[in-house]
Every structure is written in structure tokens, then in C-alpha cells.
Amino acid sequence: MEAKDLIIGCHVAMKAPKYLLNSLQEALSYGANAFMIYTGAPQNTIRKPTKDLFITEFQQTLKTNNISIDNVIVHAPYIINLGNSVKPSTFQLAVDFLRTEIIRCQDIGIKTLVLHPGAAVGALPQVALDQIVKGLDAACLPNQTLKIALETMSGKGSEVGINFEQLQYIINNVKQPNLIGVCWDTCHLSDAGYDLNNNLDEVINEFDHLIGLEKLFVMHINDSKNPLGSRKDRHANLGMGYLGFETLVNIIYHPKLINKIKILETPWINDQSPYLHEIKMIRTKQYNKDILLALGEK
Ligand code: FE
Ligand code: FE
Ligand code: ZN
């Protein structure tokens, strides 16, 4: 498989003055042909009206640069928790916000929204899973085109969606399973106990058997600061964690995963973006730790 087939990008900002257009320009500056944004601050639900986001200019510039809008991913804010069965107002806020986010994404032309399934906050995991099913059914629209990718979680705190069985349960029980798929996060998978260093093919086959590889809509590519099964969720730059560059390249170029949309969420180093360098390393399969370390020296 060739580097030219890759759909690779990273998380970028969406901010004034030109919002979506600025996001695209940031992604292009890294040599990306995909990217992911939050439609506002990830930790709150305040959002600008979509008419102010430069949608027309954004879509035109995507065309000029030969990038499909399918490769532009939105991540829902991580404060919304559809798994909350303890506090009805928090659950309702999550449902209401998710519905407005679905509409906002469809206005922009986005095809895929990444969502953290939720956390049990004191209840049993199974109760949270049923609550998430209820929440997705309440939020999704009858004629919805936007797909929702439930992210594989690390297992920190009371998170659910920490294994393929739990994600399968949600997908099998919602009213519109055609709308729901999965986003792999390599850091989270490792932290949750999936051994990508030694058992990549088994992990892929297990996912295919339980959920189906066609349901893998997007992948977050991150190294992990912590060892297998640590349930920590601390992202590391490529080759600076327990997964290592070789394992990440094996994942990215795996024949069964080559066509998937891949998004880096690795940390900035000393207020400098690592993405130009990390994307280049991925495309060339050549690791250059010095160039990342140099970012830390300024
Ligand atoms: Fe996430
Ligand atoms: Fe992620
Ligand atoms: Zn994470």
C-alpha cells in the first residue's frame, strides 16, 4: 500500500476571523488531506451560528485542493454525557446539544461526527450503555444523513465504550443502527488493554467479527504515554510512547485499514504544532525524533 492512498490529517482549530476556512488553511499548511474540528470550545456548548462560519468559501477551497468533505470530521464536545442515568438534567442537556450539533454538521456538509459514548458516573456500566442507546435514539433525526462514530475509550474514570462488545451493544440496540459506527483511538485502545504492538491482526479481526470493519468510520492516531491496559488516556507524540512509530505505521498502512480516515491528536510541543513533521514522517515512513525534540528546545 502506498503513501498516496493515505487519508491523513490532524485536529485543527476553528476560530475567528474565517472559522472553517481558517481550519482548512491550517490543515493544508501541514500537508494534510483530512482534518478534525470542534465546532466551538470542546468544554462548553456555546456555538456560533453556522451562517457565520464561511461555509461557501470553505467548500470551494476544499474543491480547489481536491479534498473531499468526507475527510472533514467534527468531534462533539467531551462534556456531553449521554451515559448519565443519575442526573436527568445532564442527560437532557447532552441529548439537546447532540441534536443541535447533528443539525449544525449537516448544515456545513459534514458526514461524520465523533462522539465519546459516555460515562456511568456511579451507575453500573450496563445502565450507562442503555442510557446511551436512549440518548442516541432521542437525539438522532428521522431523515438524518450524518453518521456518528462512537470513540473507543481508554477506561479512565467511569467511561463506557471501552471494548468492542460495549460498542456493539449500543449499535445493535439503537433504532437507526445504520447511522452509528466507531472511531478507533490507538492511545485509548492500548490503554484499554488491546495489544496493538503484538496482536494487531487479532484486534482487527475481533472488531470485524463483532462490529464489522465497514463500521470503522475514522481513526485517531496517537501514541500513549502509558503502558498497555493503564486506563489513563494521555496522548503522546509519534514514537514517544508505548506504541512506538513502527506499530503506528503498521496500523496506518495495514491493508484492512489503509482507506480509513486518520486523524492525529498528538500534543503540541512547546506551543508548536508537531503535525507538519508527524504527517511527513507517516507519509515517508521515516521517523525523525530530533525534529520533534527540536520543537521542545525553543
Ligand atoms: Fe475523543
Ligand atoms: Fe481521540
Ligand atoms: Zn484521548
# chains A, B, ... in the order shown; residues from 1 in each chain; ligands from 1
$ select_by_dssp --residues "stretch 41-223 of chain A" --states "strand (DSSP E)" --output "VMD selection string"
chain A and resid 72 to 75 112 to 115 118 to 119 147 to 151 159 to 160 180 to 185 216 to 221 223
$ write_last_selection --atoms "C-alpha atoms" --output "mmCIF file, in the first residue's frame"
data_model
loop_
_atom_site.group_PDB
_atom_site.id
_atom_site.type_symbol
_atom_site.label_atom_id
_atom_site.label_comp_id
_atom_site.auth_asym_id
_atom_site.auth_seq_id
_atom_site.Cartn_x
_atom_site.Cartn_y
_atom_site.Cartn_z
ATOM 1 C CA VAL A 72 -13.563 16.599 7.414
ATOM 2 C CA ILE A 73 -14.582 15.253 10.806
ATOM 3 C CA VAL A 74 -16.315 17.041 13.670
ATOM 4 C CA HIS A 75 -15.725 16.000 17.281
ATOM 5 C CA THR A 112 -19.104 12.106 10.320
ATOM 6 C CA LEU A 113 -19.362 13.256 13.938
ATOM 7 C CA VAL A 114 -17.111 11.650 16.566
ATOM 8 C CA LEU A 115 -18.754 11.210 19.961
ATOM 9 C CA GLY A 118 -20.395 8.459 27.798
ATOM 10 C CA ALA A 119 -19.583 7.682 31.410
ATOM 11 C CA LYS A 147 -23.083 9.376 10.750
ATOM 12 C CA ILE A 148 -21.995 9.196 14.370
ATOM 13 C CA ALA A 149 -18.706 7.458 15.196
ATOM 14 C CA LEU A 150 -18.562 6.300 18.825
ATOM 15 C CA GLU A 151 -14.979 6.600 20.035
ATOM 16 C CA GLU A 159 -16.118 5.682 30.926
ATOM 17 C CA VAL A 160 -18.015 3.136 28.869
ATOM 18 C CA ILE A 180 -23.842 4.610 14.135
ATOM 19 C CA GLY A 181 -20.268 3.391 13.733
ATOM 20 C CA VAL A 182 -16.951 3.582 15.541
ATOM 21 C CA CYS A 183 -13.859 5.792 15.804
ATOM 22 C CA TRP A 184 -10.734 3.926 16.900
ATOM 23 C CA ASP A 185 -8.310 5.849 19.059
ATOM 24 C CA LEU A 216 -14.979 1.816 11.334
ATOM 25 C CA PHE A 217 -15.606 5.370 10.078
ATOM 26 C CA VAL A 218 -12.493 7.154 11.361
ATOM 27 C CA MET A 219 -9.308 6.549 13.369
ATOM 28 C CA HIS A 220 -7.447 8.731 15.856
ATOM 29 C CA ILE A 221 -3.723 8.058 15.613
ATOM 30 C CA ASP A 223 0.959 7.228 20.803
#
$ residues_around --residues "stretch 194-197 of chain A" --least-positions-apart "2" --cutoff "9 Å" --atoms "only C-alpha atoms" --output "VMD selection string"
chain A and resid 163 186 188 to 192 199 to 203 228 to 229 242 to 244 246 to 248 251
$ closest_residue --among "A:Leu264, A:Leu24, A:Val121, A:Leu141" --to "ligand 3" --atoms "only C-alpha atoms and all ligand atoms"
A:Leu264
$ residues_around --residues "A:Ala16" --least-positions-apart "5" --cutoff "12 Å" --atoms "only C-alpha atoms" --output "PDB file with N, CA and C atoms, in the first residue's frame"
ATOM      1  N   LEU A  21     -12.810  28.133   7.046  1.00  0.00           N
ATOM      2  CA  LEU A  21     -11.775  28.404   6.047  1.00  0.00           C
ATOM      3  C   LEU A  21     -10.393  28.410   6.704  1.00  0.00           C
ATOM      4  N   ASN A  22     -10.302  29.012   7.887  1.00  0.00           N
ATOM      5  CA  ASN A  22      -9.036  29.009   8.638  1.00  0.00           C
ATOM      6  C   ASN A  22      -8.642  27.584   9.038  1.00  0.00           C
ATOM      7  N   SER A  23      -9.616  26.766   9.410  1.00  0.00           N
ATOM      8  CA  SER A  23      -9.322  25.364   9.776  1.00  0.00           C
ATOM      9  C   SER A  23      -8.697  24.637   8.591  1.00  0.00           C
ATOM     10  N   THR A  39     -16.747  22.329  16.752  1.00  0.00           N
ATOM     11  CA  THR A  39     -17.475  23.485  16.208  1.00  0.00           C
ATOM     12  C   THR A  39     -17.514  24.642  17.206  1.00  0.00           C
ATOM     13  N   GLY A  40     -16.867  24.497  18.352  1.00  0.00           N
ATOM     14  CA  GLY A  40     -16.727  25.544  19.366  1.00  0.00           C
ATOM     15  C   GLY A  40     -15.829  24.960  20.430  1.00  0.00           C
ATOM     16  N   LYS A  48     -21.257  29.286  17.564  1.00  0.00           N
ATOM     17  CA  LYS A  48     -21.595  30.346  16.609  1.00  0.00           C
ATOM     18  C   LYS A  48     -22.583  29.808  15.591  1.00  0.00           C
ATOM     19  N   ASP A  52     -22.229  32.074  10.027  1.00  0.00           N
ATOM     20  CA  ASP A  52     -21.035  32.905  10.239  1.00  0.00           C
ATOM     21  C   ASP A  52     -19.722  32.141  10.049  1.00  0.00           C
ATOM     22  N   LEU A  53     -19.803  30.890   9.599  1.00  0.00           N
ATOM     23  CA  LEU A  53     -18.603  30.035   9.585  1.00  0.00           C
ATOM     24  C   LEU A  53     -17.875  29.977   8.240  1.00  0.00           C
ATOM     25  N   PHE A  54     -18.334  30.752   7.228  1.00  0.00           N
ATOM     26  CA  PHE A  54     -17.697  30.784   5.899  1.00  0.00           C
ATOM     27  C   PHE A  54     -17.809  29.433   5.182  1.00  0.00           C
TER      28      PHE A  54
END
$ select_by_dssp --residues "stretch 40-242 of chain A" --states "alpha helix (DSSP H)" --output "short mmCIF file (atom, residue, chain, number, x, y, z; two decimals) with N, CA, C and O atoms, in the first residue's frame"
data_model
loop_
_atom_site.label_atom_id
_atom_site.label_comp_id
_atom_site.auth_asym_id
_atom_site.auth_seq_id
_atom_site.Cartn_x
_atom_site.Cartn_y
_atom_site.Cartn_z
N ILE A 55 -19.01 28.88 5.21
CA ILE A 55 -19.24 27.55 4.64
C ILE A 55 -18.99 27.53 3.13
O ILE A 55 -18.33 26.62 2.63
N THR A 56 -19.49 28.54 2.41
CA THR A 56 -19.35 28.54 0.95
C THR A 56 -17.88 28.58 0.55
O THR A 56 -17.42 27.78 -0.28
N GLU A 57 -17.13 29.51 1.16
CA GLU A 57 -15.71 29.65 0.86
C GLU A 57 -14.95 28.38 1.22
O GLU A 57 -14.04 27.94 0.52
N PHE A 58 -15.35 27.80 2.34
CA PHE A 58 -14.75 26.55 2.83
C PHE A 58 -14.95 25.43 1.80
O PHE A 58 -13.99 24.76 1.40
N GLN A 59 -16.18 25.26 1.34
CA GLN A 59 -16.47 24.18 0.39
C GLN A 59 -15.75 24.39 -0.93
O GLN A 59 -15.24 23.44 -1.54
N GLN A 60 -15.67 25.67 -1.37
CA GLN A 60 -14.95 25.97 -2.62
C GLN A 60 -13.46 25.64 -2.50
O GLN A 60 -12.86 25.05 -3.40
N THR A 61 -12.88 26.02 -1.36
CA THR A 61 -11.44 25.80 -1.17
C THR A 61 -11.13 24.31 -1.02
O THR A 61 -10.06 23.84 -1.45
N LEU A 62 -12.04 23.55 -0.44
CA LEU A 62 -11.87 22.09 -0.42
C LEU A 62 -11.76 21.56 -1.85
O LEU A 62 -10.87 20.78 -2.17
N LYS A 63 -12.69 22.01 -2.70
CA LYS A 63 -12.69 21.57 -4.11
C LYS A 63 -11.39 21.94 -4.81
O LYS A 63 -10.78 21.09 -5.47
N THR A 64 -10.99 23.19 -4.65
CA THR A 64 -9.75 23.66 -5.29
C THR A 64 -8.57 22.77 -4.91
O THR A 64 -7.66 22.55 -5.70
N PRO A 88 -30.99 13.65 35.52
CA PRO A 88 -31.78 13.82 34.29
C PRO A 88 -31.45 15.10 33.52
O PRO A 88 -31.45 15.10 32.29
N SER A 89 -31.14 16.20 34.23
CA SER A 89 -30.88 17.46 33.52
C SER A 89 -29.59 17.37 32.68
O SER A 89 -29.51 17.91 31.58
N THR A 90 -28.58 16.66 33.21
CA THR A 90 -27.33 16.49 32.46
C THR A 90 -27.55 15.63 31.22
O THR A 90 -27.04 15.92 30.14
N PHE A 91 -28.34 14.57 31.40
CA PHE A 91 -28.67 13.70 30.26
C PHE A 91 -29.43 14.50 29.20
O PHE A 91 -29.11 14.44 28.01
N GLN A 92 -30.41 15.29 29.64
CA GLN A 92 -31.22 16.07 28.69
C GLN A 92 -30.37 17.10 27.95
O GLN A 92 -30.54 17.31 26.75
N LEU A 93 -29.44 17.72 28.68
CA LEU A 93 -28.53 18.67 28.04
C LEU A 93 -27.73 17.98 26.94
O LEU A 93 -27.55 18.52 25.84
N ALA A 94 -27.29 16.78 27.22
CA ALA A 94 -26.50 16.02 26.24
C ALA A 94 -27.34 15.71 25.00
O ALA A 94 -26.88 15.87 23.87
N VAL A 95 -28.57 15.28 25.21
CA VAL A 95 -29.45 14.95 24.09
C VAL A 95 -29.72 16.20 23.24
O VAL A 95 -29.59 16.17 22.02
N ASP A 96 -30.07 17.29 23.92
CA ASP A 96 -30.41 18.53 23.21
C ASP A 96 -29.20 19.05 22.44
O ASP A 96 -29.31 19.46 21.29
N PHE A 97 -28.04 19.04 23.11
CA PHE A 97 -26.86 19.55 22.43
C PHE A 97 -26.49 18.67 21.24
O PHE A 97 -26.16 19.16 20.16
N LEU A 98 -26.56 17.35 21.43
CA LEU A 98 -26.20 16.45 20.33
C LEU A 98 -27.10 16.69 19.13
O LEU A 98 -26.63 16.74 17.99
N ARG A 99 -28.40 16.92 19.38
CA ARG A 99 -29.30 17.16 18.24
C ARG A 99 -28.91 18.44 17.50
O ARG A 99 -28.85 18.45 16.27
N THR A 100 -28.60 19.52 18.24
CA THR A 100 -28.22 20.76 17.54
C THR A 100 -26.88 20.57 16.81
O THR A 100 -26.67 21.13 15.74
N GLU A 101 -26.01 19.76 17.38
CA GLU A 101 -24.71 19.51 16.73
C GLU A 101 -24.90 18.71 15.43
O GLU A 101 -24.21 18.95 14.44
N ILE A 102 -25.83 17.77 15.45
CA ILE A 102 -26.14 16.99 14.23
C ILE A 102 -26.62 17.94 13.13
O ILE A 102 -26.15 17.88 11.99
N ILE A 103 -27.53 18.85 13.49
CA ILE A 103 -28.07 19.81 12.52
C ILE A 103 -26.95 20.72 12.01
O ILE A 103 -26.82 20.97 10.80
N ARG A 104 -26.11 21.20 12.93
CA ARG A 104 -25.01 22.09 12.57
C ARG A 104 -24.06 21.38 11.58
O ARG A 104 -23.66 21.94 10.57
N CYS A 105 -23.72 20.14 11.87
CA CYS A 105 -22.84 19.37 10.97
C CYS A 105 -23.47 19.21 9.59
O CYS A 105 -22.80 19.38 8.57
N GLN A 106 -24.76 18.90 9.57
CA GLN A 106 -25.43 18.70 8.27
C GLN A 106 -25.49 20.01 7.49
O GLN A 106 -25.37 20.02 6.27
N ASP A 107 -25.65 21.14 8.19
CA ASP A 107 -25.63 22.46 7.52
C ASP A 107 -24.29 22.70 6.83
O ASP A 107 -24.23 23.26 5.74
N ILE A 108 -23.22 22.28 7.48
CA ILE A 108 -21.87 22.51 6.93
C ILE A 108 -21.58 21.53 5.79
O ILE A 108 -20.80 21.82 4.90
N PRO A 125 -22.05 -0.08 34.44
CA PRO A 125 -21.79 0.15 33.01
C PRO A 125 -23.00 -0.19 32.13
O PRO A 125 -23.31 0.55 31.19
N GLN A 126 -23.68 -1.28 32.44
CA GLN A 126 -24.82 -1.68 31.59
C GLN A 126 -25.94 -0.62 31.62
O GLN A 126 -26.60 -0.38 30.61
N VAL A 127 -26.14 0.01 32.78
CA VAL A 127 -27.15 1.07 32.89
C VAL A 127 -26.75 2.24 31.99
O VAL A 127 -27.58 2.82 31.27
N ALA A 128 -25.46 2.57 32.00
CA ALA A 128 -24.97 3.66 31.15
C ALA A 128 -25.14 3.31 29.67
O ALA A 128 -25.54 4.16 28.87
N LEU A 129 -24.85 2.06 29.30
CA LEU A 129 -24.99 1.66 27.89
C LEU A 129 -26.44 1.81 27.44
O LEU A 129 -26.72 2.32 26.35
N ASP A 130 -27.38 1.41 28.28
CA ASP A 130 -28.80 1.55 27.94
C ASP A 130 -29.21 3.02 27.85
O ASP A 130 -30.03 3.39 27.01
N GLN A 131 -28.61 3.83 28.72
CA GLN A 131 -28.90 5.27 28.70
C GLN A 131 -28.37 5.90 27.40
O GLN A 131 -29.02 6.76 26.82
N ILE A 132 -27.21 5.45 26.96
CA ILE A 132 -26.63 5.97 25.71
C ILE A 132 -27.52 5.60 24.52
O ILE A 132 -27.76 6.43 23.63
N VAL A 133 -28.02 4.37 24.51
CA VAL A 133 -28.94 3.95 23.45
C VAL A 133 -30.16 4.87 23.43
O VAL A 133 -30.56 5.39 22.37
N LYS A 134 -30.71 5.12 24.61
CA LYS A 134 -31.86 6.00 24.75
C LYS A 134 -31.53 7.41 24.25
O LYS A 134 -32.32 8.04 23.53
N GLY A 135 -30.38 7.89 24.63
CA GLY A 135 -29.95 9.24 24.24
C GLY A 135 -29.74 9.38 22.74
O GLY A 135 -30.15 10.38 22.14
N LEU A 136 -29.12 8.37 22.12
CA LEU A 136 -28.90 8.43 20.67
C LEU A 136 -30.24 8.39 19.94
O LEU A 136 -30.45 9.15 18.99
N ASP A 137 -31.15 7.54 20.42
CA ASP A 137 -32.48 7.48 19.79
C ASP A 137 -33.20 8.82 19.90
O ASP A 137 -33.90 9.24 18.98
N ALA A 138 -33.04 9.49 21.05
CA ALA A 138 -33.72 10.77 21.25
C ALA A 138 -33.10 11.88 20.41
O ALA A 138 -33.80 12.78 19.94
N ALA A 139 -31.80 11.82 20.21
CA ALA A 139 -31.10 12.92 19.53
C ALA A 139 -31.13 12.79 18.01
O ALA A 139 -31.20 13.79 17.30
N PHE A 164 -15.00 -3.56 22.38
CA PHE A 164 -15.83 -3.70 21.18
C PHE A 164 -17.21 -4.24 21.52
O PHE A 164 -18.19 -3.91 20.85
N GLU A 165 -17.30 -5.07 22.58
CA GLU A 165 -18.60 -5.62 22.97
C GLU A 165 -19.56 -4.50 23.38
O GLU A 165 -20.75 -4.52 23.03
N GLN A 166 -19.06 -3.54 24.16
CA GLN A 166 -19.93 -2.45 24.61
C GLN A 166 -20.40 -1.59 23.42
O GLN A 166 -21.56 -1.17 23.36
N LEU A 167 -19.49 -1.34 22.48
CA LEU A 167 -19.87 -0.54 21.30
C LEU A 167 -20.86 -1.32 20.43
O LEU A 167 -21.82 -0.74 19.91
N GLN A 168 -20.62 -2.62 20.32
CA GLN A 168 -21.54 -3.48 19.57
C GLN A 168 -22.94 -3.43 20.19
O GLN A 168 -23.95 -3.34 19.49
N TYR A 169 -23.00 -3.46 21.53
CA TYR A 169 -24.28 -3.42 22.22
C TYR A 169 -25.06 -2.14 21.86
O TYR A 169 -26.25 -2.19 21.55
N ILE A 170 -24.35 -1.01 21.89
CA ILE A 170 -25.02 0.27 21.56
C ILE A 170 -25.53 0.22 20.11
O ILE A 170 -26.71 0.51 19.85
N ILE A 171 -24.67 -0.18 19.19
CA ILE A 171 -25.05 -0.18 17.77
C ILE A 171 -26.22 -1.14 17.52
O ILE A 171 -27.16 -0.81 16.79
N ASN A 172 -26.19 -2.29 18.18
CA ASN A 172 -27.25 -3.29 17.95
C ASN A 172 -28.59 -2.89 18.55
O ASN A 172 -29.61 -3.46 18.20
N ASN A 173 -28.58 -1.93 19.47
CA ASN A 173 -29.82 -1.62 20.18
C ASN A 173 -30.45 -0.27 19.82
O ASN A 173 -31.57 0.00 20.22
N THR A 186 -6.04 4.99 18.88
CA THR A 186 -4.99 3.99 19.16
C THR A 186 -4.46 4.11 20.59
O THR A 186 -4.15 3.10 21.22
N CYS A 187 -4.38 5.35 21.11
CA CYS A 187 -3.96 5.52 22.52
C CYS A 187 -4.99 4.88 23.44
O CYS A 187 -4.65 4.13 24.36
N HIS A 188 -6.26 5.18 23.19
CA HIS A 188 -7.31 4.64 24.05
C HIS A 188 -7.38 3.11 23.97
O HIS A 188 -7.57 2.44 24.99
N LEU A 189 -7.25 2.57 22.75
CA LEU A 189 -7.32 1.10 22.60
C LEU A 189 -6.23 0.43 23.43
O LEU A 189 -6.48 -0.56 24.13
N SER A 190 -5.02 0.98 23.35
CA SER A 190 -3.91 0.41 24.10
C SER A 190 -4.14 0.56 25.60
O SER A 190 -3.97 -0.40 26.38
N ASP A 191 -4.57 1.74 26.01
CA ASP A 191 -4.84 1.97 27.44
C ASP A 191 -5.96 1.06 27.95
O ASP A 191 -6.01 0.71 29.12
N LEU A 200 -2.00 -6.95 16.52
CA LEU A 200 -2.80 -6.06 15.67
C LEU A 200 -3.82 -6.83 14.82
O LEU A 200 -4.99 -6.45 14.75
N ASP A 201 -3.38 -7.91 14.18
CA ASP A 201 -4.31 -8.65 13.31
C ASP A 201 -5.48 -9.23 14.09
O ASP A 201 -6.62 -9.20 13.62
N GLU A 202 -5.20 -9.73 15.30
CA GLU A 202 -6.27 -10.28 16.13
C GLU A 202 -7.26 -9.18 16.52
O GLU A 202 -8.47 -9.40 16.54
N VAL A 203 -6.74 -7.99 16.85
CA VAL A 203 -7.63 -6.88 17.25
C VAL A 203 -8.52 -6.49 16.06
O VAL A 203 -9.73 -6.31 16.22
N ILE A 204 -7.92 -6.40 14.88
CA ILE A 204 -8.69 -6.06 13.68
C ILE A 204 -9.76 -7.12 13.41
O ILE A 204 -10.92 -6.80 13.16
N ASN A 205 -9.36 -8.40 13.51
CA ASN A 205 -10.32 -9.47 13.24
C ASN A 205 -11.44 -9.51 14.27
O ASN A 205 -12.60 -9.77 13.93
N GLU A 206 -11.08 -9.24 15.53
CA GLU A 206 -12.11 -9.23 16.58
C GLU A 206 -13.12 -8.11 16.31
O GLU A 206 -14.34 -8.29 16.44
N PHE A 207 -12.61 -6.94 15.91
CA PHE A 207 -13.51 -5.82 15.60
C PHE A 207 -14.41 -6.18 14.41
O PHE A 207 -15.62 -5.94 14.43
N ASP A 208 -13.78 -6.77 13.40
CA ASP A 208 -14.54 -7.13 12.19
C ASP A 208 -15.63 -8.14 12.52
O ASP A 208 -16.76 -8.04 12.04
N HIS A 209 -15.31 -9.09 13.38
CA HIS A 209 -16.26 -10.14 13.77
C HIS A 209 -17.42 -9.55 14.59
O HIS A 209 -18.58 -9.86 14.36
N LEU A 210 -17.10 -8.66 15.54
CA LEU A 210 -18.13 -8.16 16.45
C LEU A 210 -18.94 -7.01 15.85
O LEU A 210 -20.16 -6.90 16.08
#
$ atom_distance --atom1 "atom CA of A:Gly161" --atom2 "atom CA of A:Ala236"
21.4 Å
$ closest_residue --among "A:His116, A:His11, A:Lys285, A:His254" --to "A:Asn222" --atoms "only C-alpha atoms"
A:His11
$ closest_residue --among "A:Lys175, A:His277, A:Lys87, A:Arg47" --to "A:Leu238" --atoms "only C-alpha atoms"
A:His277
$ residues_around --residues "A:Asn237" --least-positions-apart "2" --cutoff "7 Å" --atoms "only C-alpha atoms" --output "PyMOL selection string"
chain A and resi 222-223+235+239-240+266-267
$ write_last_selection --atoms "C-alpha atoms" --output "PDB file, in the first residue's frame"
ATOM      1  CA  ASN A 222      -1.871   8.771  18.867  1.00  0.00           C
ATOM      2  CA  ASP A 223       0.959   7.228  20.803  1.00  0.00           C
ATOM      3  CA  HIS A 235      -1.673  11.035  24.273  1.00  0.00           C
ATOM      4  CA  GLY A 239       7.343   7.308  18.701  1.00  0.00           C
ATOM      5  CA  MET A 240       7.374   8.917  22.137  1.00  0.00           C
ATOM      6  CA  THR A 266      -0.889  14.216  19.441  1.00  0.00           C
ATOM      7  CA  PRO A 267       0.121  17.044  21.788  1.00  0.00           C
TER       8      PRO A 267
END
$ closest_residue --among "A:Lys262, A:Trp268, A:Ala294, A:Thr152" --to "ligand 3" --atoms "only C-alpha atoms and all ligand atoms"
A:Thr152
$ closest_residue --among "A:Gln25, A:Asn71, A:Asn250, A:Gln43" --to "A:Ile7" --atoms "only C-alpha atoms"
A:Asn71
$ closest_residue --among "A:Ile269, A:Met153, A:Val174, A:Leu292" --to "ligand 3" --atoms "only C-alpha atoms and all ligand atoms"
A:Met153
$ atom_distance --atom1 "atom CA of A:Tyr30" --atom2 "atom CA of A:Val12"
10.1 Å
$ decode --residues "stretch 27-35 of chain A" --atoms "all heavy atoms" --output "short mmCIF file (atom, residue, chain, number, x, y, z; two decimals), in the first residue's frame"
data_model
loop_
_atom_site.label_atom_id
_atom_site.label_comp_id
_atom_site.auth_asym_id
_atom_site.auth_seq_id
_atom_site.Cartn_x
_atom_site.Cartn_y
_atom_site.Cartn_z
N ALA A 27 -4.92 23.02 8.14
CA ALA A 27 -4.70 21.62 7.74
C ALA A 27 -3.79 21.56 6.51
O ALA A 27 -2.86 20.74 6.44
CB ALA A 27 -6.03 20.93 7.47
N LEU A 28 -4.07 22.42 5.52
CA LEU A 28 -3.25 22.42 4.29
C LEU A 28 -1.79 22.76 4.59
O LEU A 28 -0.88 22.21 3.97
CB LEU A 28 -3.82 23.43 3.28
CG LEU A 28 -5.17 23.05 2.64
CD1 LEU A 28 -5.72 24.23 1.84
CD2 LEU A 28 -5.05 21.81 1.77
N SER A 29 -1.59 23.64 5.59
CA SER A 29 -0.22 24.04 5.93
C SER A 29 0.59 22.87 6.49
O SER A 29 1.81 22.91 6.52
CB SER A 29 -0.23 25.21 6.92
OG SER A 29 -0.52 24.76 8.23
N TYR A 30 -0.10 21.84 6.95
CA TYR A 30 0.59 20.63 7.47
C TYR A 30 0.73 19.54 6.41
O TYR A 30 1.21 18.44 6.70
CB TYR A 30 -0.19 20.03 8.64
CG TYR A 30 -0.44 20.96 9.81
CD1 TYR A 30 -1.66 20.90 10.51
CD2 TYR A 30 0.53 21.87 10.25
CE1 TYR A 30 -1.90 21.73 11.60
CE2 TYR A 30 0.28 22.70 11.33
CZ TYR A 30 -0.92 22.63 12.00
OH TYR A 30 -1.17 23.43 13.07
N GLY A 31 0.21 19.79 5.20
CA GLY A 31 0.22 18.74 4.18
C GLY A 31 -0.84 17.69 4.43
O GLY A 31 -0.73 16.55 3.96
N ALA A 32 -1.90 18.05 5.15
CA ALA A 32 -2.99 17.10 5.45
C ALA A 32 -4.02 17.07 4.33
O ALA A 32 -4.22 18.07 3.64
CB ALA A 32 -3.66 17.51 6.76
N ASN A 33 -4.67 15.92 4.14
CA ASN A 33 -5.83 15.85 3.24
C ASN A 33 -7.08 15.41 4.00
O ASN A 33 -8.04 14.89 3.42
CB ASN A 33 -5.55 14.94 2.04
CG ASN A 33 -5.21 13.52 2.44
OD1 ASN A 33 -5.10 13.21 3.63
ND2 ASN A 33 -5.05 12.64 1.46
N ALA A 34 -7.04 15.60 5.32
CA ALA A 34 -8.18 15.33 6.20
C ALA A 34 -7.95 16.18 7.44
O ALA A 34 -6.81 16.60 7.70
CB ALA A 34 -8.23 13.86 6.58
N PHE A 35 -9.00 16.47 8.20
CA PHE A 35 -8.80 17.12 9.50
C PHE A 35 -10.04 17.00 10.36
O PHE A 35 -11.10 16.59 9.90
CB PHE A 35 -8.36 18.58 9.35
CG PHE A 35 -9.32 19.49 8.61
CD1 PHE A 35 -10.23 20.26 9.31
CD2 PHE A 35 -9.27 19.59 7.22
CE1 PHE A 35 -11.10 21.12 8.64
CE2 PHE A 35 -10.12 20.45 6.55
CZ PHE A 35 -11.04 21.21 7.25
#
